[in-house]
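The file my_file01.txt comes next; it holds compact mmCIF, C-alpha atoms and all ligand atoms.
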```
# COMPACT_ATOMS: atom_id res chain seq x y z
CA MET L 1 -10.89 13.37 19.76
CA SER L 2 -11.00 11.02 22.70
CA GLY L 3 -14.19 10.62 24.67
CA ALA L 4 -14.71 8.85 27.98
CA THR L 5 -14.26 5.41 26.39
CA ASP L 6 -11.34 3.02 26.98
CA PRO L 7 -8.32 3.64 24.79
CA ARG L 8 -8.29 1.61 21.62
CA SER L 9 -5.35 -0.78 21.29
CA VAL L 10 -3.42 -0.35 18.06
CA THR L 11 -0.45 -1.90 16.29
CA VAL L 12 1.47 -0.22 13.50
CA LEU L 13 3.27 -2.49 11.02
CA GLY L 14 5.72 -0.39 9.02
CA CYS L 15 5.68 2.44 11.59
CA THR L 16 8.92 4.02 10.31
CA GLY L 17 7.72 4.44 6.72
CA SER L 18 5.77 7.22 5.10
CA VAL L 19 2.31 5.83 5.99
CA GLY L 20 3.61 4.58 9.34
CA ARG L 21 4.92 8.02 10.30
CA SER L 22 1.62 9.66 9.36
CA THR L 23 -0.20 7.06 11.48
CA VAL L 24 2.08 7.72 14.45
CA ASP L 25 1.50 11.45 13.97
CA LEU L 26 -2.26 10.91 14.35
CA LEU L 27 -1.82 8.66 17.39
CA LEU L 28 0.35 11.27 19.11
CA ARG L 29 -2.25 13.98 18.51
CA ASP L 30 -4.77 12.17 20.71
CA PRO L 31 -2.70 10.04 23.11
CA GLY L 32 -5.56 9.34 25.50
CA ALA L 33 -7.53 7.63 22.75
CA TYR L 34 -4.98 4.90 22.00
CA ARG L 35 -2.87 2.28 23.74
CA VAL L 36 -0.13 1.02 21.47
CA GLU L 37 0.32 -2.74 21.51
CA ALA L 38 3.15 -3.10 18.99
CA LEU L 39 5.33 -1.10 16.63
CA VAL L 40 7.14 -2.80 13.75
CA GLY L 41 9.92 -1.22 11.70
CA ASN L 42 12.87 -2.56 9.79
CA ARG L 43 16.16 -0.70 9.33
CA ASN L 44 15.42 2.76 10.70
CA ILE L 45 16.22 1.90 14.31
CA ALA L 46 16.75 5.51 15.41
CA LEU L 47 13.21 6.45 14.37
CA LEU L 48 11.76 3.22 15.78
CA VAL L 49 13.33 4.01 19.17
CA GLU L 50 12.05 7.59 19.05
CA GLN L 51 8.52 6.39 18.26
CA ALA L 52 8.69 3.75 20.99
CA LYS L 53 9.72 6.32 23.57
CA ALA L 54 6.88 8.61 22.48
CA LEU L 55 4.15 5.94 22.36
CA SER L 56 5.24 3.41 25.03
CA PRO L 57 4.10 0.28 23.16
CA ARG L 58 4.20 -3.12 24.83
CA PHE L 59 6.25 -4.70 22.02
CA VAL L 60 8.69 -3.19 19.54
CA VAL L 61 10.07 -5.18 16.63
CA THR L 62 12.65 -4.68 13.94
CA ALA L 63 12.27 -7.04 10.99
CA ASP L 64 16.04 -6.90 10.61
CA ALA L 65 17.31 -9.67 12.92
CA SER L 66 20.83 -8.19 12.90
CA GLN L 67 19.51 -5.07 14.66
CA TYR L 68 18.12 -6.84 17.73
CA GLN L 69 20.87 -5.81 20.14
CA VAL L 70 20.94 -2.21 18.93
CA LEU L 71 17.20 -1.93 19.54
CA ALA L 72 17.33 -3.78 22.86
CA ASP L 73 20.16 -1.55 24.13
CA ALA L 74 18.36 1.63 23.09
CA LEU L 75 15.16 0.57 24.89
CA ALA L 76 16.82 -0.97 27.96
CA GLY L 77 15.16 0.17 31.15
CA THR L 78 11.93 1.27 29.45
CA GLY L 79 10.07 -1.98 30.20
CA ILE L 80 9.25 -2.34 26.51
CA GLU L 81 9.59 -5.86 25.14
CA VAL L 82 11.84 -6.08 22.07
CA GLY L 83 11.78 -8.54 19.18
CA ALA L 84 13.59 -8.96 15.88
CA GLY L 85 13.30 -10.94 12.68
CA ARG L 86 10.39 -12.23 10.66
CA PRO L 87 8.78 -14.45 13.34
CA ALA L 88 8.69 -11.46 15.70
CA VAL L 89 7.00 -9.34 12.99
CA ILE L 90 4.29 -11.97 12.67
CA GLU L 91 3.99 -12.27 16.43
CA ALA L 92 3.48 -8.51 16.65
CA ALA L 93 0.59 -8.79 14.20
CA GLN L 94 -0.87 -11.66 16.21
CA ARG L 95 -0.84 -9.82 19.53
CA PRO L 96 -4.26 -8.57 20.60
CA ALA L 97 -4.61 -5.07 19.21
CA ASP L 98 -8.10 -3.98 18.16
CA TRP L 99 -6.77 -2.10 15.15
CA VAL L 100 -3.74 -2.86 12.99
CA MET L 101 -2.17 -0.55 10.43
CA SER L 102 -0.69 -2.65 7.63
CA ALA L 103 1.97 -0.33 6.16
CA ILE L 104 4.96 -2.56 5.48
CA VAL L 105 6.03 -2.09 1.88
CA GLY L 106 5.76 -4.95 -0.61
CA ALA L 107 4.94 -8.63 -0.29
CA ALA L 108 6.84 -8.62 3.03
CA GLY L 109 3.56 -7.27 4.41
CA LEU L 110 1.53 -10.29 3.35
CA GLU L 111 2.19 -12.74 6.20
CA PRO L 112 1.79 -10.23 9.07
CA THR L 113 -1.38 -8.81 7.49
CA LEU L 114 -2.76 -12.31 7.05
CA ALA L 115 -1.83 -13.09 10.67
CA ALA L 116 -3.83 -10.05 11.84
CA ALA L 117 -6.78 -11.11 9.67
CA ARG L 118 -6.67 -14.63 11.06
CA ARG L 119 -7.28 -13.33 14.58
CA GLY L 120 -10.21 -11.19 13.39
CA ALA L 121 -8.56 -7.78 13.71
CA VAL L 122 -9.73 -4.51 12.22
CA ILE L 123 -7.05 -3.76 9.65
CA GLY L 124 -6.23 -0.42 8.05
CA LEU L 125 -4.79 -1.67 4.78
CA ALA L 126 -2.16 0.50 3.11
CA ASN L 127 -0.11 -2.48 1.91
CA LYS L 128 -1.80 -3.01 -1.46
CA GLU L 129 0.71 -5.72 -2.42
CA THR L 130 -1.05 -8.05 0.03
CA LEU L 131 -4.16 -7.99 -2.15
CA VAL L 132 -2.21 -8.07 -5.40
CA CYS L 133 -0.17 -11.13 -4.52
CA ALA L 134 -2.78 -13.01 -2.49
CA GLY L 135 -6.14 -11.29 -2.93
CA ASP L 136 -8.32 -14.40 -3.01
CA LEU L 137 -6.61 -15.92 0.02
CA MET L 138 -6.72 -12.67 1.97
CA MET L 139 -10.39 -11.94 1.27
CA ARG L 140 -11.31 -15.55 2.10
CA ASP L 141 -9.48 -15.38 5.44
CA VAL L 142 -10.91 -11.96 6.28
CA ALA L 143 -14.42 -13.39 5.82
CA ARG L 144 -13.63 -16.68 7.56
CA HIS L 145 -12.18 -15.07 10.68
CA GLY L 146 -14.53 -12.09 10.94
CA ALA L 147 -11.78 -9.56 10.32
CA THR L 148 -12.50 -6.08 8.94
CA LEU L 149 -10.48 -4.62 6.09
CA LEU L 150 -10.54 -0.83 5.90
CA PRO L 151 -8.81 0.62 2.85
CA VAL L 152 -6.13 3.23 3.52
CA ASP L 153 -4.85 3.64 -0.03
CA SER L 154 -6.29 7.06 -0.89
CA GLU L 155 -8.28 5.89 -3.93
CA HIS L 156 -9.78 2.91 -2.12
CA SER L 157 -10.59 4.97 0.92
CA ALA L 158 -12.40 7.36 -1.43
CA ILE L 159 -14.35 4.51 -3.03
CA PHE L 160 -15.13 2.99 0.38
CA GLN L 161 -16.57 6.33 1.50
CA VAL L 162 -19.01 6.55 -1.43
CA PHE L 163 -19.65 2.88 -2.23
CA ASP L 164 -23.16 1.76 -1.33
CA PHE L 165 -22.49 -1.82 -0.20
CA ALA L 166 -26.23 -2.48 0.18
CA GLN L 167 -26.64 -1.72 -3.54
CA ALA L 168 -23.38 -3.09 -4.91
CA ASP L 169 -25.33 -4.52 -7.84
CA ARG L 170 -26.32 -0.94 -8.78
CA VAL L 171 -22.72 0.15 -9.21
CA GLU L 172 -21.95 0.55 -12.89
CA LYS L 173 -18.26 1.14 -12.49
CA ILE L 174 -15.47 2.29 -10.26
CA ILE L 175 -13.25 5.07 -11.58
CA LEU L 176 -9.77 5.13 -10.08
CA THR L 177 -8.04 8.46 -10.47
CA ALA L 178 -4.31 8.57 -11.26
CA SER L 179 -1.99 11.56 -11.08
CA GLY L 180 -0.05 10.23 -14.08
CA GLY L 181 3.15 10.54 -12.04
CA PRO L 182 6.20 12.69 -12.78
CA PHE L 183 6.42 11.53 -16.43
CA ARG L 184 2.76 11.99 -17.35
CA THR L 185 3.58 14.16 -20.35
CA TRP L 186 6.95 12.60 -21.27
CA GLY L 187 7.63 10.57 -24.40
CA GLN L 188 9.08 7.04 -24.21
CA GLU L 189 12.53 8.14 -25.37
CA ALA L 190 12.79 10.78 -22.66
CA MET L 191 11.72 8.22 -20.06
CA ARG L 192 14.51 5.85 -21.10
CA THR L 193 17.19 7.83 -19.25
CA VAL L 194 15.35 9.03 -16.14
CA THR L 195 17.19 8.68 -12.84
CA PRO L 196 15.84 7.23 -9.60
CA ALA L 197 15.81 10.75 -8.14
CA GLN L 198 13.55 11.94 -10.99
CA ALA L 199 11.30 8.89 -10.67
CA VAL L 200 10.67 9.28 -6.94
CA ALA L 201 9.78 12.97 -7.27
CA HIS L 202 6.01 12.55 -7.23
CA PRO L 203 4.15 15.72 -8.25
CA ASN L 204 1.56 15.62 -5.44
CA TRP L 205 2.34 13.05 -2.75
CA SER L 206 5.28 12.46 -0.44
CA MET L 207 5.69 8.66 -0.31
CA GLY L 208 8.23 5.86 0.05
CA ALA L 209 10.59 5.11 -2.83
CA LYS L 210 8.93 1.91 -4.07
CA ILE L 211 5.41 3.29 -4.44
CA SER L 212 6.81 6.50 -5.93
CA VAL L 213 8.51 4.53 -8.71
CA ASP L 214 5.29 2.54 -9.16
CA SER L 215 3.44 5.83 -9.64
CA ALA L 216 6.01 6.88 -12.23
CA THR L 217 5.53 3.69 -14.29
CA MET L 218 1.79 3.78 -13.47
CA MET L 219 2.18 0.25 -12.12
CA ASN L 220 0.81 1.76 -8.92
CA LYS L 221 -2.52 2.32 -10.65
CA GLY L 222 -2.38 -1.22 -11.97
CA LEU L 223 -1.77 -2.61 -8.49
CA GLU L 224 -4.64 -0.44 -7.28
CA LEU L 225 -6.91 -1.88 -9.97
CA ILE L 226 -6.28 -5.37 -8.58
CA GLU L 227 -6.70 -4.02 -5.04
CA ALA L 228 -10.09 -2.50 -5.97
CA HIS L 229 -11.15 -5.72 -7.68
CA HIS L 230 -10.71 -7.62 -4.41
CA LEU L 231 -11.92 -4.96 -1.96
CA PHE L 232 -15.13 -4.17 -3.83
CA ALA L 233 -15.72 -7.46 -5.68
CA MET L 234 -15.68 -5.60 -9.00
CA PRO L 235 -14.81 -7.40 -12.22
CA GLU L 236 -11.85 -5.95 -14.13
CA PRO L 237 -13.92 -4.44 -17.01
CA LYS L 238 -15.93 -2.40 -14.49
CA ILE L 239 -12.83 -0.60 -13.17
CA ASP L 240 -11.72 2.43 -15.16
CA ILE L 241 -8.58 4.50 -14.74
CA LEU L 242 -8.76 8.24 -15.27
CA VAL L 243 -5.75 10.53 -15.20
CA HIS L 244 -6.40 13.53 -12.95
CA PRO L 245 -3.11 15.39 -12.45
CA GLN L 246 -4.22 17.48 -9.43
CA SER L 247 -4.93 14.45 -7.14
CA VAL L 248 -7.90 16.23 -5.57
CA ILE L 249 -10.66 13.79 -6.55
CA HIS L 250 -9.37 10.57 -5.02
CA SER L 251 -11.72 8.26 -6.96
CA LEU L 252 -15.33 7.91 -8.05
CA VAL L 253 -18.19 5.42 -8.11
CA ALA L 254 -20.72 5.52 -10.96
CA TYR L 255 -24.23 4.13 -10.36
CA ILE L 256 -26.82 2.79 -12.80
CA ASP L 257 -28.97 5.93 -12.48
CA GLY L 258 -26.19 8.12 -13.90
CA SER L 259 -25.05 9.48 -10.52
CA VAL L 260 -21.32 9.64 -9.91
CA LEU L 261 -20.13 9.98 -6.31
CA ALA L 262 -16.62 11.05 -5.40
CA GLN L 263 -14.47 11.86 -2.39
CA LEU L 264 -12.22 14.92 -2.55
CA GLY L 265 -9.47 16.26 -0.32
CA ALA L 266 -6.02 17.77 -0.24
CA PRO L 267 -3.37 15.12 -0.96
CA ASP L 268 -2.38 14.16 2.59
CA MET L 269 -2.45 10.51 3.65
CA ARG L 270 -3.51 11.46 7.16
CA THR L 271 -7.06 11.92 5.84
CA PRO L 272 -7.56 8.31 4.62
CA ILE L 273 -5.54 6.98 7.57
CA ALA L 274 -7.80 8.90 9.97
CA TYR L 275 -10.88 7.55 8.20
CA ALA L 276 -9.70 3.99 8.84
CA LEU L 277 -8.45 4.75 12.36
CA GLY L 278 -11.66 6.37 13.49
CA TRP L 279 -14.09 4.22 11.51
CA PRO L 280 -17.04 4.11 11.84
CA GLN L 281 -16.62 7.64 13.24
CA ARG L 282 -14.72 10.46 11.62
CA ILE L 283 -11.86 11.92 13.62
CA SER L 284 -10.22 15.29 13.28
CA THR L 285 -6.91 15.83 11.44
CA PRO L 286 -4.67 18.86 10.97
CA CYS L 287 -4.59 18.29 7.18
CA LYS L 288 -4.74 21.33 4.94
CA ARG L 289 -8.37 21.96 4.01
CA LEU L 290 -9.29 21.73 0.38
CA ASP L 291 -9.78 25.14 -1.19
CA LEU L 292 -11.30 24.54 -4.61
CA ALA L 293 -11.05 28.20 -5.61
CA GLU L 294 -7.32 27.99 -4.94
CA VAL L 295 -7.05 24.74 -6.94
CA ALA L 296 -9.09 26.52 -9.64
CA GLN L 297 -8.92 23.74 -12.24
CA LEU L 298 -9.56 20.03 -12.10
CA THR L 299 -8.52 18.31 -15.31
CA PHE L 300 -8.89 14.78 -16.65
CA GLU L 301 -7.26 12.68 -19.38
CA GLN L 302 -7.39 9.11 -20.62
CA PRO L 303 -4.26 7.13 -19.61
CA ASP L 304 -1.89 6.34 -22.48
CA PRO L 305 -1.35 2.55 -22.60
CA GLU L 306 1.48 2.93 -25.13
CA ARG L 307 3.67 5.03 -22.85
CA PHE L 308 2.47 3.25 -19.69
CA PRO L 309 2.25 -0.45 -20.65
CA ALA L 310 1.93 -1.48 -16.98
CA LEU L 311 -1.79 -0.80 -17.30
CA ARG L 312 -2.18 -3.41 -20.06
CA LEU L 313 -0.04 -5.95 -18.19
CA VAL L 314 -2.13 -5.63 -15.07
CA ARG L 315 -5.42 -6.12 -16.88
CA GLU L 316 -3.98 -9.17 -18.66
CA ALA L 317 -2.69 -10.61 -15.37
CA LEU L 318 -6.02 -10.12 -13.66
CA ARG L 319 -7.86 -11.73 -16.55
CA SER L 320 -5.42 -14.68 -16.59
CA GLY L 321 -5.94 -15.16 -12.86
CA GLY L 322 -4.13 -17.90 -10.97
CA ALA L 323 -0.68 -16.78 -9.86
CA ALA L 324 -0.28 -14.12 -12.57
CA PRO L 325 -0.90 -11.16 -10.20
CA THR L 326 1.49 -12.72 -7.64
CA VAL L 327 4.14 -13.06 -10.34
CA LEU L 328 3.54 -9.53 -11.63
CA ASN L 329 3.88 -8.10 -8.14
CA ALA L 330 7.06 -10.01 -7.29
CA ALA L 331 8.77 -9.22 -10.61
CA ASN L 332 7.83 -5.56 -10.21
CA GLU L 333 9.31 -5.41 -6.69
CA VAL L 334 12.59 -6.89 -7.88
CA ALA L 335 12.79 -4.63 -10.94
CA VAL L 336 11.94 -1.47 -8.96
CA ALA L 337 14.63 -2.30 -6.39
CA ARG L 338 17.18 -2.87 -9.16
CA PHE L 339 16.19 0.42 -10.83
CA LEU L 340 16.54 2.26 -7.52
CA GLY L 341 19.92 0.59 -7.08
CA GLY L 342 21.04 1.97 -10.44
CA ASP L 343 21.34 -1.44 -12.16
CA ILE L 344 18.62 -1.16 -14.80
CA GLY L 345 16.88 1.63 -16.69
CA PHE L 346 13.41 2.99 -15.97
CA LEU L 347 11.82 1.36 -19.02
CA ASP L 348 13.43 -1.97 -18.11
CA ILE L 349 11.15 -2.21 -15.06
CA ILE L 350 8.02 -3.00 -17.04
CA SER L 351 9.96 -5.00 -19.67
CA VAL L 352 11.23 -7.27 -16.90
CA VAL L 353 7.72 -7.71 -15.49
CA GLU L 354 6.36 -8.55 -18.95
CA GLN L 355 9.17 -11.02 -19.60
CA VAL L 356 8.64 -12.85 -16.31
CA LEU L 357 4.87 -12.94 -16.80
CA SER L 358 5.25 -14.44 -20.26
CA GLN L 359 7.82 -17.07 -19.20
CA LEU L 360 6.75 -18.31 -15.80
CA GLU L 361 4.32 -21.22 -15.71
CA THR L 362 2.51 -21.37 -12.38
CA SER L 363 -0.58 -23.08 -11.07
CA VAL L 364 -3.45 -21.49 -9.17
CA PRO L 365 -2.22 -20.74 -5.63
CA GLY L 366 -4.61 -22.33 -3.14
CA SER L 367 -2.62 -21.63 0.01
CA LEU L 368 -0.14 -19.18 1.50
CA GLU L 369 2.65 -21.64 0.71
CA ASP L 370 1.63 -21.70 -2.97
CA VAL L 371 1.65 -17.90 -3.08
CA LEU L 372 5.08 -17.73 -1.45
CA GLU L 373 6.41 -20.31 -3.89
CA ALA L 374 5.10 -18.39 -6.94
CA ASP L 375 6.49 -15.18 -5.47
CA ALA L 376 9.93 -16.75 -4.93
CA GLN L 377 10.04 -18.24 -8.45
CA ALA L 378 9.08 -14.90 -9.98
CA ARG L 379 11.77 -13.12 -7.95
CA ARG L 380 14.45 -15.53 -9.18
CA MET L 381 13.35 -15.10 -12.77
CA ALA L 382 13.11 -11.31 -12.44
CA ALA L 383 16.59 -11.13 -10.92
CA ALA L 384 17.96 -13.03 -13.93
CA ALA L 385 16.06 -10.73 -16.32
CA CYS L 386 17.48 -7.68 -14.52
CA ASP L 387 21.01 -9.15 -14.75
CA ALA L 388 20.50 -9.54 -18.48
CA ALA L 389 19.22 -5.96 -18.81
CA ALA L 390 21.97 -4.43 -16.64
N1 LIG J 401 3.25 6.39 1.13
C1 LIG J 401 1.99 6.56 0.76
O1 LIG J 401 1.50 7.70 0.73
C2 LIG J 401 1.13 5.39 0.40
C3 LIG J 401 1.58 4.09 0.58
N2 LIG J 401 0.76 3.04 0.29
C4 LIG J 401 1.24 1.68 0.51
O2 LIG J 401 1.64 1.56 1.87
C5 LIG J 401 2.76 0.69 1.98
C6 LIG J 401 3.90 1.45 2.64
O3 LIG J 401 4.29 2.50 1.81
P1 LIG J 401 5.28 3.63 2.31
O4 LIG J 401 4.93 4.03 3.67
O5 LIG J 401 5.32 4.65 1.24
O6 LIG J 401 6.66 2.84 2.30
P2 LIG J 401 8.03 3.24 3.01
O7 LIG J 401 9.11 2.67 2.18
O8 LIG J 401 8.06 4.66 3.33
O9 LIG J 401 7.94 2.42 4.40
C7 LIG J 401 7.96 1.04 4.41
C8 LIG J 401 7.89 0.52 5.84
O10 LIG J 401 8.04 -0.91 5.80
C9 LIG J 401 9.19 -1.27 6.61
N3 LIG J 401 9.78 -2.44 5.98
C10 LIG J 401 10.50 -2.51 4.85
N4 LIG J 401 10.83 -3.78 4.57
C11 LIG J 401 10.31 -4.52 5.57
C12 LIG J 401 10.33 -5.92 5.86
N5 LIG J 401 10.94 -6.79 5.08
N6 LIG J 401 9.68 -6.35 6.98
C13 LIG J 401 9.05 -5.47 7.79
N7 LIG J 401 9.03 -4.14 7.57
C14 LIG J 401 9.64 -3.69 6.46
C15 LIG J 401 10.07 -0.05 6.61
O11 LIG J 401 10.97 -0.05 7.70
P3 LIG J 401 12.32 0.87 7.75
O12 LIG J 401 11.96 2.17 7.10
O13 LIG J 401 12.57 0.97 9.21
O14 LIG J 401 13.40 0.13 7.03
C16 LIG J 401 9.00 1.03 6.74
O15 LIG J 401 8.53 1.08 8.05
C17 LIG J 401 3.08 0.24 0.56
O16 LIG J 401 2.47 -0.99 0.32
C18 LIG J 401 2.46 1.32 -0.31
O17 LIG J 401 2.08 0.84 -1.59
C19 LIG J 401 -0.52 3.21 -0.18
C20 LIG J 401 -0.98 4.47 -0.40
C21 LIG J 401 -0.21 5.65 -0.14
C1 LIG J 402 -1.47 8.47 -1.94
C2 LIG J 402 -1.80 7.28 -2.71
O1 LIG J 402 -2.80 6.64 -2.48
C3 LIG J 402 -0.90 6.87 -3.79
O2 LIG J 402 -1.19 5.57 -4.23
C4 LIG J 402 -1.07 7.88 -4.87
O3 LIG J 402 -2.35 7.76 -5.35
C5 LIG J 402 -0.09 7.69 -5.95
O4 LIG J 402 -0.42 8.48 -7.00
P1 LIG J 402 -0.60 7.98 -8.50
O5 LIG J 402 -1.99 8.31 -8.84
O6 LIG J 402 0.44 8.83 -9.19
O7 LIG J 402 -0.28 6.53 -8.60
MN MN J 403 -3.13 5.19 -4.01
```
Take the structure from the file and write it as structure tokens.
Amino acid sequence: MSGATDPRSVTVLGCTGSVGRSTVDLLLRDPGAYRVEALVGNRNIALLVEQAKALSPRFVVTADASQYQVLADALAGTGIEVGAGRPAVIEAAQRPADWVMSAIVGAAGLEPTLAAARRGAVIGLANKETLVCAGDLMMRDVARHGATLLPVDSEHSAIFQVFDFAQADRVEKIILTASGGPFRTWGQEAMRTVTPAQAVAHPNWSMGAKISVDSATMMNKGLELIEAHHLFAMPEPKIDILVHPQSVIHSLVAYIDGSVLAQLGAPDMRTPIAYALGWPQRISTPCKRLDLAEVAQLTFEQPDPERFPALRLVREALRSGGAAPTVLNAANEVAVARFLGGDIGFLDIISVVEQVLSQLETSVPGSLEDVLEADAQARRMAAAACDAAA
């Protein structure tokens, strides 16, 4: 809760999404503690306007340039500055907020997150694709500009809370927990005909469509493996994945003395968001408290790489290095969108990613431009592969 200190200035990129809405919910619970610099949404103008009226930010942006006038008309007379289009999104990230929530979905979040890092902001990072498609660049710029990256992804927040950075060399491994998604127990043949509605029905978490499909293919856990590799400087072989269907243990860190430390909680993103928002202090949330007697059983399984080949692809991409993770991420985004649009089947998603990874020759991306070029090439190739599969 707020003390006598000045309000903290915050910007929310992706404010109209699942993580964005949870962030706004926390801001509204303690209005005296925050001053909102900028809100950035995309197509959900009605919600963006509602949030703007509730939070009175200085700057409100829709990434969708065609929606400028709609947004400007809705906020006329409020004194709130309005922007639209990609340059305005980046400008919002550049404006001087102490704390920035990076919750745009997909590689579209890369440039604004990088812009916030380049002005030394404290960033709550939900947008894992930033680290998947440009992890080396992002971590280099965070260090170079004195920015702070606070993980919001539930697993990485868990690791962050129990990772002893002063003894990083005494960490034996990181264990990322995975729910296994809605098809955890399904055979490959049954998965062939699943619908988008079945794929987005996550057993434990309420999330946006793209990450929900990623959870269903277990690509989400693969992306999280790459995310953990960059955030905690852990080599790929020292990151394990453990299926834990209850999503109560959010991840674990194993040390060389045999100790294993974990963070637990009810599956509600407001807990990891609050950890990043309040850091280095904890702040209160209304999240349901964990009742282990009610949960009764915590179970664990090894992931099945035959039914969930995304896990193998991710490890191969990380070992190959260079632009392979960028390519994997871009191809996955295209294939997931085409699956959600009803063009390709569920199993085609990972087949398309594998095909693009095996065909695209790219060099090591040294700059943002290189990353964007590899991303664009992979998207073109993935679109063609989806056309062929459709
Ligand atoms: N949801 C969750 O619980 C978790 C999410 N994450 C990560 O957080 C990120 C956001 O996920 P989630 O909230 O589920 O996603 P949603 O799809 O719910 O929300 C995405 C947000 O990004 C905006 N957006 C979409 N495209 C663009 C674009 N081109 N430019 C700018 N803004 C855009 C959307 O605007 P609009 O809706 O107005 O069109 C919306 O505000 C993802 O990277 C995801 O992997 C990580 C852990 C948990
Ligand atoms: C809430 C969150 O962090 C998601 O990434 C979630 O973990 C997805 O669940 P899966 O373990 O099914 O990928
Ligand atoms: Mn996660």
Wanna dump the stretch 50-150 of chain L-stretch 154-164 of chain L contacts at 12 Å for me, each residue with its shortest atom pair and the distance in Å to one decimal, counting all atoms listed in the file, ordered by chain and number, as a tab-separated table?
```
residue	atom	partner	partner_atom	distance
L:Gly124	CA	L:Ser157	CA	9.9
L:Leu125	CA	L:Ser157	CA	9.6
L:Ala126	CA	L:Ser154	CA	8.7
L:Asn127	CA	L:Ser154	CA	11.7
L:Lys128	CA	L:His156	CA	10.0
L:Leu149	CA	L:Phe160	CA	10.6
L:Leu150	CA	L:Ser157	CA	7.6
```
Expected selection as number ranges by chain for ligand MN 403 (chain J) within 12 Å, all atoms listed in the file: L: 19, 125-129, 151-159, 176-181, 204-207, 211-212, 214-215, 218-228, 247, 249-251, 267-269, 272-273
Any chance you can output those residues with C-alpha atoms as an mmCIF file, in the frame of the given file?
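Result file is out21.cif:
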```cif
data_model
loop_
_atom_site.group_PDB
_atom_site.id
_atom_site.type_symbol
_atom_site.label_atom_id
_atom_site.label_comp_id
_atom_site.auth_asym_id
_atom_site.auth_seq_id
_atom_site.Cartn_x
_atom_site.Cartn_y
_atom_site.Cartn_z
ATOM 1 C CA VAL L 19 2.310 5.830 5.990
ATOM 2 C CA LEU L 125 -4.790 -1.670 4.780
ATOM 3 C CA ALA L 126 -2.160 0.500 3.110
ATOM 4 C CA ASN L 127 -0.110 -2.480 1.910
ATOM 5 C CA LYS L 128 -1.800 -3.010 -1.460
ATOM 6 C CA GLU L 129 0.710 -5.720 -2.420
ATOM 7 C CA PRO L 151 -8.810 0.620 2.850
ATOM 8 C CA VAL L 152 -6.130 3.230 3.520
ATOM 9 C CA ASP L 153 -4.850 3.640 -0.030
ATOM 10 C CA SER L 154 -6.290 7.060 -0.890
ATOM 11 C CA GLU L 155 -8.280 5.890 -3.930
ATOM 12 C CA HIS L 156 -9.780 2.910 -2.120
ATOM 13 C CA SER L 157 -10.590 4.970 0.920
ATOM 14 C CA ALA L 158 -12.400 7.360 -1.430
ATOM 15 C CA ILE L 159 -14.350 4.510 -3.030
ATOM 16 C CA LEU L 176 -9.770 5.130 -10.080
ATOM 17 C CA THR L 177 -8.040 8.460 -10.470
ATOM 18 C CA ALA L 178 -4.310 8.570 -11.260
ATOM 19 C CA SER L 179 -1.990 11.560 -11.080
ATOM 20 C CA GLY L 180 -0.050 10.230 -14.080
ATOM 21 C CA GLY L 181 3.150 10.540 -12.040
ATOM 22 C CA ASN L 204 1.560 15.620 -5.440
ATOM 23 C CA TRP L 205 2.340 13.050 -2.750
ATOM 24 C CA SER L 206 5.280 12.460 -0.440
ATOM 25 C CA MET L 207 5.690 8.660 -0.310
ATOM 26 C CA ILE L 211 5.410 3.290 -4.440
ATOM 27 C CA SER L 212 6.810 6.500 -5.930
ATOM 28 C CA ASP L 214 5.290 2.540 -9.160
ATOM 29 C CA SER L 215 3.440 5.830 -9.640
ATOM 30 C CA MET L 218 1.790 3.780 -13.470
ATOM 31 C CA MET L 219 2.180 0.250 -12.120
ATOM 32 C CA ASN L 220 0.810 1.760 -8.920
ATOM 33 C CA LYS L 221 -2.520 2.320 -10.650
ATOM 34 C CA GLY L 222 -2.380 -1.220 -11.970
ATOM 35 C CA LEU L 223 -1.770 -2.610 -8.490
ATOM 36 C CA GLU L 224 -4.640 -0.440 -7.280
ATOM 37 C CA LEU L 225 -6.910 -1.880 -9.970
ATOM 38 C CA ILE L 226 -6.280 -5.370 -8.580
ATOM 39 C CA GLU L 227 -6.700 -4.020 -5.040
ATOM 40 C CA ALA L 228 -10.090 -2.500 -5.970
ATOM 41 C CA SER L 247 -4.930 14.450 -7.140
ATOM 42 C CA ILE L 249 -10.660 13.790 -6.550
ATOM 43 C CA HIS L 250 -9.370 10.570 -5.020
ATOM 44 C CA SER L 251 -11.720 8.260 -6.960
ATOM 45 C CA PRO L 267 -3.370 15.120 -0.960
ATOM 46 C CA ASP L 268 -2.380 14.160 2.590
ATOM 47 C CA MET L 269 -2.450 10.510 3.650
ATOM 48 C CA PRO L 272 -7.560 8.310 4.620
ATOM 49 C CA ILE L 273 -5.540 6.980 7.570
#
```
Nearest-residue call for L:Leu347, choices L:Asp64, L:Asp73, L:Glu172, L:Glu189, using all atoms listed in the file: L:Glu189
Atom CA of L:Pro245 to atom CA of L:Cys133, straight-line distance in Å: 27.8 Å
Between atom CA of L:Gly135 and atom C20 of ligand LIG 401 (chain J) - distance in Å to one decimal: 16.8 Å
Kindly provide, as JSON, the centre and edge lengths (Å, one decimal) of an axis-aligned box around all atoms of stretch 348-362 of chain L given in the file, with 4 Å on each side.
```
{"center_x": 8.0, "center_y": -11.7, "center_z": -16.3, "size_x": 18.9, "size_y": 27.4, "size_z": 15.9}
```
Stretch 51-58 of chain L environment, 10 Å, only C-alpha atoms, sequence neighbours closer than 3 positions dropped, as number ranges by chain: L: 9-11, 15-16, 21, 24-25, 27-28, 31, 34-40, 45-48, 74-75, 78-82, 92, 95
Closest atom pairs, residues of stretch 29-148 of chain L within 9 Å of stretch 358-366 of chain L, only C-alpha atoms, as CSV:
```
residue,atom,partner,partner_atom,distance
L:Ala134,CA,L:Pro365,CA,8.4
L:Asp136,CA,L:Gly366,CA,8.8
L:Leu137,CA,L:Gly366,CA,7.4
```
